[in-house]
$ cat final00.cif   # mmCIF, C-alpha atoms and all ligand atoms
data_model
#
loop_
_atom_site.group_PDB
_atom_site.id
_atom_site.type_symbol
_atom_site.label_atom_id
_atom_site.label_comp_id
_atom_site.auth_asym_id
_atom_site.auth_seq_id
_atom_site.Cartn_x
_atom_site.Cartn_y
_atom_site.Cartn_z
ATOM 1 C CA MET A 1 8.661 -4.543 -17.063
ATOM 2 C CA GLY A 2 7.524 -3.573 -13.574
ATOM 3 C CA ARG A 3 4.224 -5.336 -14.187
ATOM 4 C CA ALA A 4 6.031 -8.539 -15.191
ATOM 5 C CA VAL A 5 8.252 -8.338 -12.110
ATOM 6 C CA ALA A 6 5.142 -8.064 -9.932
ATOM 7 C CA ASP A 7 3.027 -10.648 -11.792
ATOM 8 C CA PHE A 8 5.688 -13.374 -11.604
ATOM 9 C CA ASN A 9 7.457 -12.273 -8.408
ATOM 10 C CA LEU A 10 10.696 -12.003 -10.343
ATOM 11 C CA ILE A 11 12.662 -9.951 -7.824
ATOM 12 C CA GLU A 12 12.638 -10.305 -4.052
ATOM 13 C CA GLU A 13 14.257 -8.576 -1.102
ATOM 14 C CA GLY A 14 17.967 -9.347 -0.889
ATOM 15 C CA ASP A 15 18.272 -10.817 -4.393
ATOM 16 C CA ARG A 16 21.560 -10.619 -6.210
ATOM 17 C CA VAL A 17 20.652 -10.481 -9.875
ATOM 18 C CA MET A 18 23.163 -11.244 -12.602
ATOM 19 C CA VAL A 19 22.187 -9.801 -15.988
ATOM 20 C CA GLY A 20 23.561 -11.475 -19.087
ATOM 21 C CA VAL A 21 24.762 -8.671 -21.355
ATOM 22 C CA SER A 22 25.612 -9.711 -24.900
ATOM 23 C CA GLY A 23 26.033 -6.238 -26.340
ATOM 24 C CA GLY A 24 22.686 -6.486 -28.149
ATOM 25 C CA LYS A 25 19.647 -4.213 -27.813
ATOM 26 C CA ASP A 26 17.671 -6.626 -25.627
ATOM 27 C CA SER A 27 20.254 -7.163 -22.924
ATOM 28 C CA TYR A 28 21.217 -3.476 -22.729
ATOM 29 C CA THR A 29 17.528 -2.611 -22.368
ATOM 30 C CA LEU A 30 17.061 -5.227 -19.668
ATOM 31 C CA LEU A 31 20.087 -4.020 -17.725
ATOM 32 C CA HIS A 32 19.096 -0.362 -17.811
ATOM 33 C CA LEU A 33 15.438 -0.993 -16.950
ATOM 34 C CA LEU A 34 16.451 -3.184 -14.021
ATOM 35 C CA GLU A 35 18.873 -0.523 -12.807
ATOM 36 C CA ARG A 36 16.075 2.081 -12.921
ATOM 37 C CA LEU A 37 13.838 -0.311 -11.003
ATOM 38 C CA ARG A 38 16.583 -1.004 -8.441
ATOM 39 C CA LYS A 39 16.984 2.696 -7.727
ATOM 40 C CA ARG A 40 13.323 3.295 -7.008
ATOM 41 C CA ALA A 41 12.046 -0.083 -5.759
ATOM 42 C CA PRO A 42 10.821 -0.308 -2.169
ATOM 43 C CA ILE A 43 12.888 -3.489 -1.734
ATOM 44 C CA LYS A 44 16.663 -3.817 -1.806
ATOM 45 C CA PHE A 45 18.334 -5.957 -4.419
ATOM 46 C CA GLU A 46 21.693 -5.900 -6.165
ATOM 47 C CA LEU A 47 22.560 -6.016 -9.833
ATOM 48 C CA MET A 48 25.627 -7.007 -11.772
ATOM 49 C CA ALA A 49 26.236 -7.424 -15.481
ATOM 50 C CA VAL A 50 28.109 -10.335 -17.021
ATOM 51 C CA THR A 51 29.321 -10.630 -20.580
ATOM 52 C CA ILE A 52 30.520 -13.920 -21.992
ATOM 53 C CA ASP A 53 33.258 -13.522 -24.563
ATOM 54 C CA SER A 54 32.790 -16.642 -26.678
ATOM 55 C CA GLY A 55 36.052 -15.917 -28.452
ATOM 56 C CA TYR A 56 34.658 -15.059 -31.888
ATOM 57 C CA PRO A 57 37.380 -13.012 -33.567
ATOM 58 C CA GLY A 58 36.444 -9.328 -33.690
ATOM 59 C CA PHE A 59 33.962 -9.356 -30.774
ATOM 60 C CA ARG A 60 34.337 -5.853 -29.271
ATOM 61 C CA THR A 61 34.285 -6.433 -25.532
ATOM 62 C CA ASP A 62 36.059 -3.072 -25.174
ATOM 63 C CA ILE A 63 32.887 -1.253 -26.329
ATOM 64 C CA ILE A 64 30.741 -3.177 -23.847
ATOM 65 C CA ARG A 65 33.292 -2.593 -21.068
ATOM 66 C CA ASP A 66 33.306 1.179 -21.696
ATOM 67 C CA HIS A 67 29.525 1.301 -21.625
ATOM 68 C CA LEU A 68 29.303 -0.692 -18.391
ATOM 69 C CA LEU A 69 32.011 1.407 -16.763
ATOM 70 C CA GLU A 70 30.084 4.531 -17.685
ATOM 71 C CA SER A 71 26.827 3.073 -16.310
ATOM 72 C CA GLY A 72 28.417 2.490 -12.900
ATOM 73 C CA ILE A 73 26.850 -0.981 -12.677
ATOM 74 C CA PRO A 74 29.263 -3.666 -11.383
ATOM 75 C CA PHE A 75 30.260 -6.027 -14.171
ATOM 76 C CA HIS A 76 32.455 -8.912 -15.205
ATOM 77 C CA ILE A 77 33.602 -9.997 -18.663
ATOM 78 C CA GLU A 78 34.427 -13.693 -18.907
ATOM 79 C CA PRO A 79 36.810 -14.832 -21.652
ATOM 80 C CA THR A 80 36.050 -18.389 -22.827
ATOM 81 C CA GLU A 81 37.137 -20.844 -25.513
ATOM 82 C CA HIS A 82 33.589 -21.534 -26.673
ATOM 83 C CA TYR A 83 34.455 -20.775 -30.308
ATOM 84 C CA GLN A 84 37.269 -23.320 -30.377
ATOM 85 C CA ILE A 85 35.109 -25.910 -28.558
ATOM 86 C CA ILE A 86 32.242 -25.467 -31.057
ATOM 87 C CA GLU A 87 34.578 -25.695 -34.053
ATOM 88 C CA ALA A 88 36.175 -28.868 -32.676
ATOM 89 C CA LYS A 89 33.122 -30.685 -31.336
ATOM 90 C CA ARG A 90 30.025 -29.640 -33.282
ATOM 91 C CA ARG A 91 28.533 -32.508 -35.255
ATOM 92 C CA PRO A 92 28.101 -31.692 -38.957
ATOM 93 C CA GLY A 93 24.596 -30.433 -39.658
ATOM 94 C CA SER A 94 23.801 -29.713 -36.013
ATOM 95 C CA SER A 95 22.765 -26.217 -34.971
ATOM 96 C CA TYR A 96 25.604 -23.773 -34.342
ATOM 97 C CA CYS A 97 23.342 -21.591 -32.239
ATOM 98 C CA SER A 98 22.079 -24.260 -29.883
ATOM 99 C CA PHE A 99 25.644 -25.444 -29.123
ATOM 100 C CA CYS A 100 26.802 -21.856 -28.603
ATOM 101 C CA ALA A 101 23.799 -20.972 -26.437
ATOM 102 C CA ARG A 102 24.211 -24.138 -24.347
ATOM 103 C CA LEU A 103 27.852 -23.332 -23.619
ATOM 104 C CA LYS A 104 26.996 -19.732 -22.783
ATOM 105 C CA ARG A 105 24.177 -20.751 -20.465
ATOM 106 C CA GLY A 106 26.439 -23.222 -18.635
ATOM 107 C CA THR A 107 29.071 -20.520 -18.110
ATOM 108 C CA LEU A 108 26.432 -18.063 -16.889
ATOM 109 C CA TYR A 109 25.184 -20.577 -14.296
ATOM 110 C CA THR A 110 28.737 -21.187 -13.100
ATOM 111 C CA LEU A 111 29.415 -17.451 -12.856
ATOM 112 C CA ALA A 112 26.138 -16.814 -11.040
ATOM 113 C CA GLN A 113 27.247 -19.203 -8.314
ATOM 114 C CA GLN A 114 30.783 -17.826 -8.327
ATOM 115 C CA PHE A 115 29.490 -14.269 -7.814
ATOM 116 C CA ASN A 116 26.880 -15.403 -5.321
ATOM 117 C CA CYS A 117 23.960 -14.311 -7.520
ATOM 118 C CA ASN A 118 20.740 -16.236 -6.887
ATOM 119 C CA LYS A 119 19.005 -14.901 -10.019
ATOM 120 C CA LEU A 120 20.059 -14.741 -13.651
ATOM 121 C CA ALA A 121 18.124 -12.225 -15.779
ATOM 122 C CA LEU A 122 17.906 -12.840 -19.524
ATOM 123 C CA GLY A 123 16.679 -10.441 -22.205
ATOM 124 C CA HIS A 124 14.004 -12.550 -23.921
ATOM 125 C CA HIS A 125 11.031 -10.385 -24.871
ATOM 126 C CA LEU A 126 7.400 -10.859 -25.944
ATOM 127 C CA ASP A 127 8.326 -11.691 -29.551
ATOM 128 C CA ASP A 128 10.783 -14.367 -28.371
ATOM 129 C CA PHE A 129 8.063 -15.968 -26.267
ATOM 130 C CA VAL A 130 5.483 -16.167 -29.055
ATOM 131 C CA GLU A 131 8.008 -17.181 -31.728
ATOM 132 C CA THR A 132 9.184 -20.005 -29.438
ATOM 133 C CA LEU A 133 5.580 -21.064 -28.890
ATOM 134 C CA LEU A 134 5.034 -21.304 -32.657
ATOM 135 C CA LEU A 135 8.388 -23.015 -33.268
ATOM 136 C CA ASN A 136 7.557 -25.721 -30.751
ATOM 137 C CA GLN A 137 4.147 -26.280 -32.267
ATOM 138 C CA PHE A 138 5.246 -26.188 -35.896
ATOM 139 C CA TYR A 139 8.483 -28.149 -35.695
ATOM 140 C CA VAL A 140 8.540 -30.057 -32.391
ATOM 141 C CA GLY A 141 4.905 -30.975 -31.743
ATOM 142 C CA SER A 142 4.923 -29.574 -28.239
ATOM 143 C CA LEU A 143 2.830 -26.886 -26.602
ATOM 144 C CA LYS A 144 5.423 -24.812 -24.766
ATOM 145 C CA ALA A 145 7.260 -21.511 -24.877
ATOM 146 C CA MET A 146 9.509 -20.132 -22.115
ATOM 147 C CA ALA A 147 9.029 -19.480 -18.420
ATOM 148 C CA PRO A 148 9.279 -15.941 -17.049
ATOM 149 C CA ARG A 149 10.702 -17.499 -13.869
ATOM 150 C CA MET A 150 12.256 -20.934 -13.588
ATOM 151 C CA LEU A 151 14.746 -22.717 -11.354
ATOM 152 C CA ALA A 152 17.664 -23.817 -13.518
ATOM 153 C CA ASP A 153 18.723 -27.450 -13.734
ATOM 154 C CA ASN A 154 21.681 -26.679 -11.445
ATOM 155 C CA GLY A 155 19.119 -26.302 -8.631
ATOM 156 C CA HIS A 156 20.674 -23.018 -7.443
ATOM 157 C CA THR A 157 19.995 -20.286 -9.980
ATOM 158 C CA THR A 158 16.570 -18.883 -10.768
ATOM 159 C CA VAL A 159 16.336 -17.691 -14.363
ATOM 160 C CA ILE A 160 14.091 -14.663 -14.816
ATOM 161 C CA ARG A 161 12.874 -12.976 -18.006
ATOM 162 C CA PRO A 162 11.565 -9.548 -16.998
ATOM 163 C CA LEU A 163 11.026 -8.351 -20.602
ATOM 164 C CA VAL A 164 8.250 -10.875 -21.234
ATOM 165 C CA TYR A 165 5.650 -8.110 -21.745
ATOM 166 C CA LEU A 166 7.840 -5.888 -23.943
ATOM 167 C CA ALA A 167 7.473 -6.144 -27.703
ATOM 168 C CA GLU A 168 10.645 -6.128 -29.762
ATOM 169 C CA ASP A 169 9.517 -2.913 -31.514
ATOM 170 C CA GLU A 170 9.401 -1.098 -28.188
ATOM 171 C CA ILE A 171 12.883 -2.349 -27.321
ATOM 172 C CA ILE A 172 14.254 -1.189 -30.687
ATOM 173 C CA THR A 173 12.811 2.287 -30.080
ATOM 174 C CA PHE A 174 14.173 2.422 -26.530
ATOM 175 C CA ALA A 175 17.632 1.208 -27.603
ATOM 176 C CA LYS A 176 17.759 3.935 -30.271
ATOM 177 C CA GLN A 177 16.666 6.621 -27.819
ATOM 178 C CA MET A 178 19.295 5.472 -25.331
ATOM 179 C CA LYS A 179 21.961 5.262 -28.077
ATOM 180 C CA PHE A 180 23.182 1.902 -26.787
ATOM 181 C CA PRO A 181 26.512 0.894 -28.336
ATOM 182 C CA ILE A 182 25.270 -2.290 -30.028
ATOM 183 C CA VAL A 183 28.006 -4.852 -30.569
ATOM 184 C CA CYS A 184 27.792 -7.765 -33.002
ATOM 185 C CA CYS A 185 28.711 -11.175 -31.576
ATOM 186 C CA ARG A 186 30.864 -11.827 -34.689
ATOM 187 C CA CYS A 187 29.973 -15.510 -34.692
ATOM 188 C CA PRO A 188 30.129 -17.317 -38.041
ATOM 189 C CA VAL A 189 26.326 -17.525 -38.309
ATOM 190 C CA CYS A 190 25.527 -13.995 -37.145
ATOM 191 C CA GLY A 191 22.571 -12.647 -39.104
ATOM 192 C CA VAL A 192 21.930 -15.885 -40.986
ATOM 193 C CA ALA A 193 21.252 -18.126 -38.018
ATOM 194 C CA ASP A 194 17.946 -19.616 -37.133
ATOM 195 C CA ILE A 195 16.049 -19.685 -40.406
ATOM 196 C CA LYS A 196 13.066 -21.322 -38.690
ATOM 197 C CA ARG A 197 12.805 -18.521 -36.115
ATOM 198 C CA ARG A 198 13.009 -15.927 -38.877
ATOM 199 C CA ARG A 199 10.233 -17.778 -40.683
ATOM 200 C CA MET A 200 8.033 -17.514 -37.558
ATOM 201 C CA LYS A 201 8.886 -13.816 -37.259
ATOM 202 C CA GLY A 202 7.907 -13.250 -40.887
ATOM 203 C CA LEU A 203 4.694 -15.190 -40.464
ATOM 204 C CA LEU A 204 3.714 -13.134 -37.416
ATOM 205 C CA THR A 205 4.498 -9.879 -39.233
ATOM 206 C CA GLU A 206 2.309 -10.981 -42.120
ATOM 207 C CA LEU A 207 -0.570 -12.065 -39.876
ATOM 208 C CA GLN A 208 -0.291 -8.875 -37.837
ATOM 209 C CA LYS A 209 -1.586 -6.904 -40.839
ATOM 210 C CA GLU A 210 -4.842 -8.810 -40.533
ATOM 211 C CA ILE A 211 -4.838 -9.393 -36.748
ATOM 212 C CA PRO A 212 -3.031 -6.421 -35.160
ATOM 213 C CA PHE A 213 -3.155 -7.901 -31.658
ATOM 214 C CA ILE A 214 -1.948 -11.386 -32.648
ATOM 215 C CA LYS A 215 1.278 -11.363 -30.617
ATOM 216 C CA GLN A 216 -0.444 -10.127 -27.486
ATOM 217 C CA SER A 217 -3.172 -12.719 -27.981
ATOM 218 C CA LEU A 218 -0.606 -15.528 -28.301
ATOM 219 C CA LEU A 219 1.155 -14.302 -25.163
ATOM 220 C CA ASN A 220 -2.188 -14.165 -23.337
ATOM 221 C CA ALA A 221 -2.841 -17.750 -24.453
ATOM 222 C CA LEU A 222 0.281 -18.842 -22.584
ATOM 223 C CA GLY A 223 -1.265 -17.565 -19.378
ATOM 224 C CA ASN A 224 -4.736 -18.881 -20.092
ATOM 225 C CA VAL A 225 -4.347 -22.643 -20.469
ATOM 226 C CA LYS A 226 -7.345 -24.972 -20.369
ATOM 227 C CA PRO A 227 -5.798 -28.399 -19.735
ATOM 228 C CA ARG A 228 -9.111 -30.239 -20.139
ATOM 229 C CA HIS A 229 -9.271 -29.071 -23.741
ATOM 230 C CA LEU A 230 -5.887 -30.481 -24.638
ATOM 231 C CA LEU A 231 -4.791 -34.035 -25.415
ATOM 232 C CA ASP A 232 -2.039 -34.580 -22.878
ATOM 233 C CA PRO A 233 -3.085 -37.573 -20.729
ATOM 234 C CA HIS A 234 -0.957 -36.188 -17.892
ATOM 235 C CA LEU A 235 -3.218 -33.149 -17.753
ATOM 236 C CA THR A 236 -6.645 -34.644 -18.359
ATOM 237 C CA LYS A 237 -8.587 -37.216 -16.369
ATOM 238 C CA PRO A 238 -10.301 -39.874 -18.550
ATOM 239 C CA ALA A 239 -13.664 -39.546 -16.759
ATOM 240 C CA ASP A 240 -13.921 -35.760 -17.232
HETATM 241 S S1 LIG B 301 23.821 -16.078 -33.234
HETATM 242 FE FE1 LIG B 301 25.965 -16.586 -32.922
HETATM 243 S S2 LIG B 301 26.446 -15.854 -30.863
HETATM 244 FE FE2 LIG B 301 24.229 -15.944 -31.025
HETATM 245 S S3 LIG B 301 23.703 -17.975 -30.232
HETATM 246 FE FE3 LIG B 301 23.905 -18.166 -32.458
HETATM 247 S S4 LIG B 301 26.013 -18.803 -32.729
HETATM 248 FE FE4 LIG B 301 25.891 -17.972 -30.682
#
$ encode --input "final00.cif" --output "structure tokens"
Amino acid sequence: MGRAVADFNLIEEGDRVMVGVSGGKDSYTLLHLLERLRKRAPIKFELMAVTIDSGYPGFRTDIIRDHLLESGIPFHIEPTEHYQIIEAKRRPGSSYCSFCARLKRGTLYTLAQQFNCNKLALGHHLDDFVETLLLNQFYVGSLKAMAPRMLADNGHTTVIRPLVYLAEDEIITFAKQMKFPIVCCRCPVCGVADIKRRRMKGLLTELQKEIPFIKQSLLNALGNVKPRHLLDPHLTKPAD
């Protein structure tokens, strides 16, 4: 993670970094690695954790609260009515996850400003980056993944993804070693959501048997773009 922070200049002197903590393995890992970095980094920055309670019945914010209290990291848990909004406004057939994620992201941006945090750290890891790359190519017809650092549309908050170089396997191992109290979001599509993403995950697992370094190679490809060998007229000059 330190290498990613350095490569993409993710954290700077005086930053106030809000970490989105869902209660899953990725966000706990992100929070704890950033806290370790904060304690030994030569620059000063502050951290706080934020959990969005989307209102899904049975979501155990108490477990997350206890863990954050124990960690000593400042935190806030925001109750919302996202569940009711999704149930009332989602168009039939549209993705539950994208509506839910959009609402969550909007609330995180609002809270980042409210708590005077200039950065919002999210727990997307290497597998998320390459799966998103494949999803966009297979289903959308676009060559894009995610940015490790990007100014949000609100023009104030910089979104950072410090786990870009960490494979999901490594995070699973770390989360087990740390005995993180994993909490399920309890949403209606938990575990069955995102069939397309699961398909990409399965495909990568299958291909990995033949090409062990495939995920790393796909991630490297994202940082090794040759615009002249693509078809986007915005990137290529006709005379070249
Ligand atoms: S899995 Fe559930 S909580 Fe997560 S984004 Fe999808 S709907 Fe929301």
$ residues_around --input "final00.cif" --residues "Thr132 (chain A)" --least-positions-apart "4" --cutoff "10 Å" --atoms "all atoms listed in the file" --output "PyMOL selection string"
chain A and resi 126-128+136-138+143-146+197+200-201
$ atom_distance --input "final00.cif" --atom1 "CA of Ile214 (chain A)" --atom2 "CA of Val189 (chain A)"
29.5 Å
$ axis_aligned_box --input "final00.cif" --around "region 168-180 of chain A" --padding-each-side "3 Å" --output "JSON"
{"center_x": 16.3, "center_y": 0.2, "center_z": -28.4, "size_x": 19.8, "size_y": 18.7, "size_z": 12.2}
$ residues_near_ligand --input "final00.cif" --ligand "ligand LIG 301 (chain B)" --cutoff "6 Å" --atoms "only C-alpha atoms and all ligand atoms" --output "list in words"
Tyr96, Cys97, Cys100, Ala101, Cys185, Cys187, Val189, Cys190 and Ala193 of chain A
$ write_last_selection --input "final00.cif" --atoms "C-alpha atoms" --output "CSV table (one decimal), in the frame of the given file"
chain,number,residue,atom,x,y,z
A,96,TYR,CA,25.6,-23.8,-34.3
A,97,CYS,CA,23.3,-21.6,-32.2
A,100,CYS,CA,26.8,-21.9,-28.6
A,101,ALA,CA,23.8,-21.0,-26.4
A,185,CYS,CA,28.7,-11.2,-31.6
A,187,CYS,CA,30.0,-15.5,-34.7
A,189,VAL,CA,26.3,-17.5,-38.3
A,190,CYS,CA,25.5,-14.0,-37.1
A,193,ALA,CA,21.3,-18.1,-38.0
$ closest_residue --input "final00.cif" --among "A:Arg149, A:His234, A:Arg199, A:Arg38" --to "Phe8 (chain A)" --atoms "only C-alpha atoms"
A:Arg149
$ closest_residue --input "final00.cif" --among "A:His76, A:Arg198, A:Lys25, A:Arg105" --to "Phe180 (chain A)" --atoms "all atoms listed in the file"
A:Lys25
$ closest_residue --input "final00.cif" --among "A:Leu163, A:Val17, A:Ile211, A:Cys184" --to "Tyr56 (chain A)" --atoms "all atoms listed in the file"
A:Cys184
$ atom_distance --input "final00.cif" --atom1 "CA of Ile52 (chain A)" --atom2 "CA of Glu168 (chain A)"
22.7 Å
$ build_atoms --input "final00.cif" --residues "region 34-45 of chain A" --atoms "all heavy atoms" --output "compact mmCIF listing (two decimals), in the frame of the given file"
# COMPACT_ATOMS: atom_id res chain seq x y z
N LEU A 34 16.31 -2.62 -15.37
CA LEU A 34 16.45 -3.18 -14.02
C LEU A 34 17.17 -2.21 -13.10
O LEU A 34 16.85 -2.10 -11.92
CB LEU A 34 17.22 -4.52 -14.08
CG LEU A 34 16.41 -5.74 -14.53
CD1 LEU A 34 17.32 -6.96 -14.64
CD2 LEU A 34 15.28 -6.05 -13.55
N GLU A 35 18.15 -1.50 -13.63
CA GLU A 35 18.87 -0.52 -12.81
C GLU A 35 17.93 0.61 -12.38
O GLU A 35 17.98 1.06 -11.23
CB GLU A 35 20.09 0.01 -13.58
CG GLU A 35 20.89 1.08 -12.90
CD GLU A 35 21.54 0.67 -11.56
OE1 GLU A 35 21.35 -0.46 -11.12
OE2 GLU A 35 22.22 1.53 -10.98
N ARG A 36 17.06 1.05 -13.29
CA ARG A 36 16.08 2.08 -12.92
C ARG A 36 15.16 1.55 -11.82
O ARG A 36 14.85 2.26 -10.87
CB ARG A 36 15.22 2.46 -14.13
CG ARG A 36 15.96 3.31 -15.13
CD ARG A 36 15.01 3.74 -16.24
NE ARG A 36 15.77 4.32 -17.34
CZ ARG A 36 15.23 4.97 -18.35
NH1 ARG A 36 13.93 5.12 -18.42
NH2 ARG A 36 15.97 5.47 -19.31
N LEU A 37 14.73 0.30 -12.00
CA LEU A 37 13.84 -0.31 -11.00
C LEU A 37 14.55 -0.41 -9.66
O LEU A 37 13.97 -0.12 -8.61
CB LEU A 37 13.43 -1.71 -11.49
CG LEU A 37 12.39 -2.44 -10.67
CD1 LEU A 37 11.02 -1.77 -10.80
CD2 LEU A 37 12.28 -3.89 -11.11
N ARG A 38 15.81 -0.83 -9.69
CA ARG A 38 16.58 -1.00 -8.44
C ARG A 38 16.65 0.31 -7.66
O ARG A 38 16.51 0.33 -6.45
CB ARG A 38 18.00 -1.49 -8.78
CG ARG A 38 18.81 -1.94 -7.58
CD ARG A 38 20.25 -2.17 -7.95
NE ARG A 38 20.94 -0.94 -8.33
CZ ARG A 38 21.39 -0.03 -7.48
NH1 ARG A 38 21.24 -0.20 -6.19
NH2 ARG A 38 22.00 1.06 -7.91
N LYS A 39 16.82 1.41 -8.40
CA LYS A 39 16.98 2.70 -7.73
C LYS A 39 15.70 3.17 -7.05
O LYS A 39 15.75 3.90 -6.09
CB LYS A 39 17.44 3.76 -8.73
CG LYS A 39 18.93 3.60 -9.08
CD LYS A 39 19.37 4.66 -10.03
CE LYS A 39 20.86 4.56 -10.31
NZ LYS A 39 21.21 5.17 -11.60
N ARG A 40 14.55 2.75 -7.60
CA ARG A 40 13.32 3.30 -7.01
C ARG A 40 12.43 2.24 -6.35
O ARG A 40 11.37 2.57 -5.83
CB ARG A 40 12.54 4.08 -8.06
CG ARG A 40 12.09 3.25 -9.24
CD ARG A 40 11.17 4.06 -10.11
NE ARG A 40 10.19 3.19 -10.71
CZ ARG A 40 9.72 3.33 -11.92
NH1 ARG A 40 10.09 4.35 -12.66
NH2 ARG A 40 8.83 2.49 -12.41
N ALA A 41 12.89 0.98 -6.34
CA ALA A 41 12.05 -0.08 -5.76
C ALA A 41 12.01 0.02 -4.24
O ALA A 41 13.00 0.43 -3.62
CB ALA A 41 12.58 -1.45 -6.17
N PRO A 42 10.89 -0.35 -3.63
CA PRO A 42 10.82 -0.31 -2.17
C PRO A 42 11.64 -1.42 -1.51
O PRO A 42 11.87 -1.40 -0.32
CB PRO A 42 9.32 -0.50 -1.89
CG PRO A 42 8.77 -1.14 -3.11
CD PRO A 42 9.63 -0.75 -4.27
N ILE A 43 12.05 -2.41 -2.30
CA ILE A 43 12.89 -3.49 -1.73
C ILE A 43 14.33 -3.29 -2.19
O ILE A 43 14.59 -2.61 -3.17
CB ILE A 43 12.39 -4.89 -2.18
CG1 ILE A 43 12.37 -5.00 -3.72
CG2 ILE A 43 11.02 -5.19 -1.59
CD1 ILE A 43 12.29 -6.42 -4.21
N LYS A 44 15.24 -3.93 -1.45
CA LYS A 44 16.66 -3.82 -1.81
C LYS A 44 17.10 -5.07 -2.56
O LYS A 44 16.86 -6.19 -2.12
CB LYS A 44 17.50 -3.70 -0.54
CG LYS A 44 17.47 -2.33 0.11
CD LYS A 44 18.73 -2.11 0.93
CE LYS A 44 18.81 -0.76 1.58
NZ LYS A 44 17.95 0.29 1.11
N PHE A 45 17.70 -4.84 -3.70
CA PHE A 45 18.33 -5.96 -4.42
C PHE A 45 19.55 -5.42 -5.14
O PHE A 45 19.70 -4.21 -5.32
CB PHE A 45 17.34 -6.64 -5.37
CG PHE A 45 16.90 -5.81 -6.55
CD1 PHE A 45 17.55 -5.90 -7.78
CD2 PHE A 45 15.81 -4.95 -6.46
CE1 PHE A 45 17.13 -5.15 -8.88
CE2 PHE A 45 15.39 -4.20 -7.54
CZ PHE A 45 16.05 -4.29 -8.76
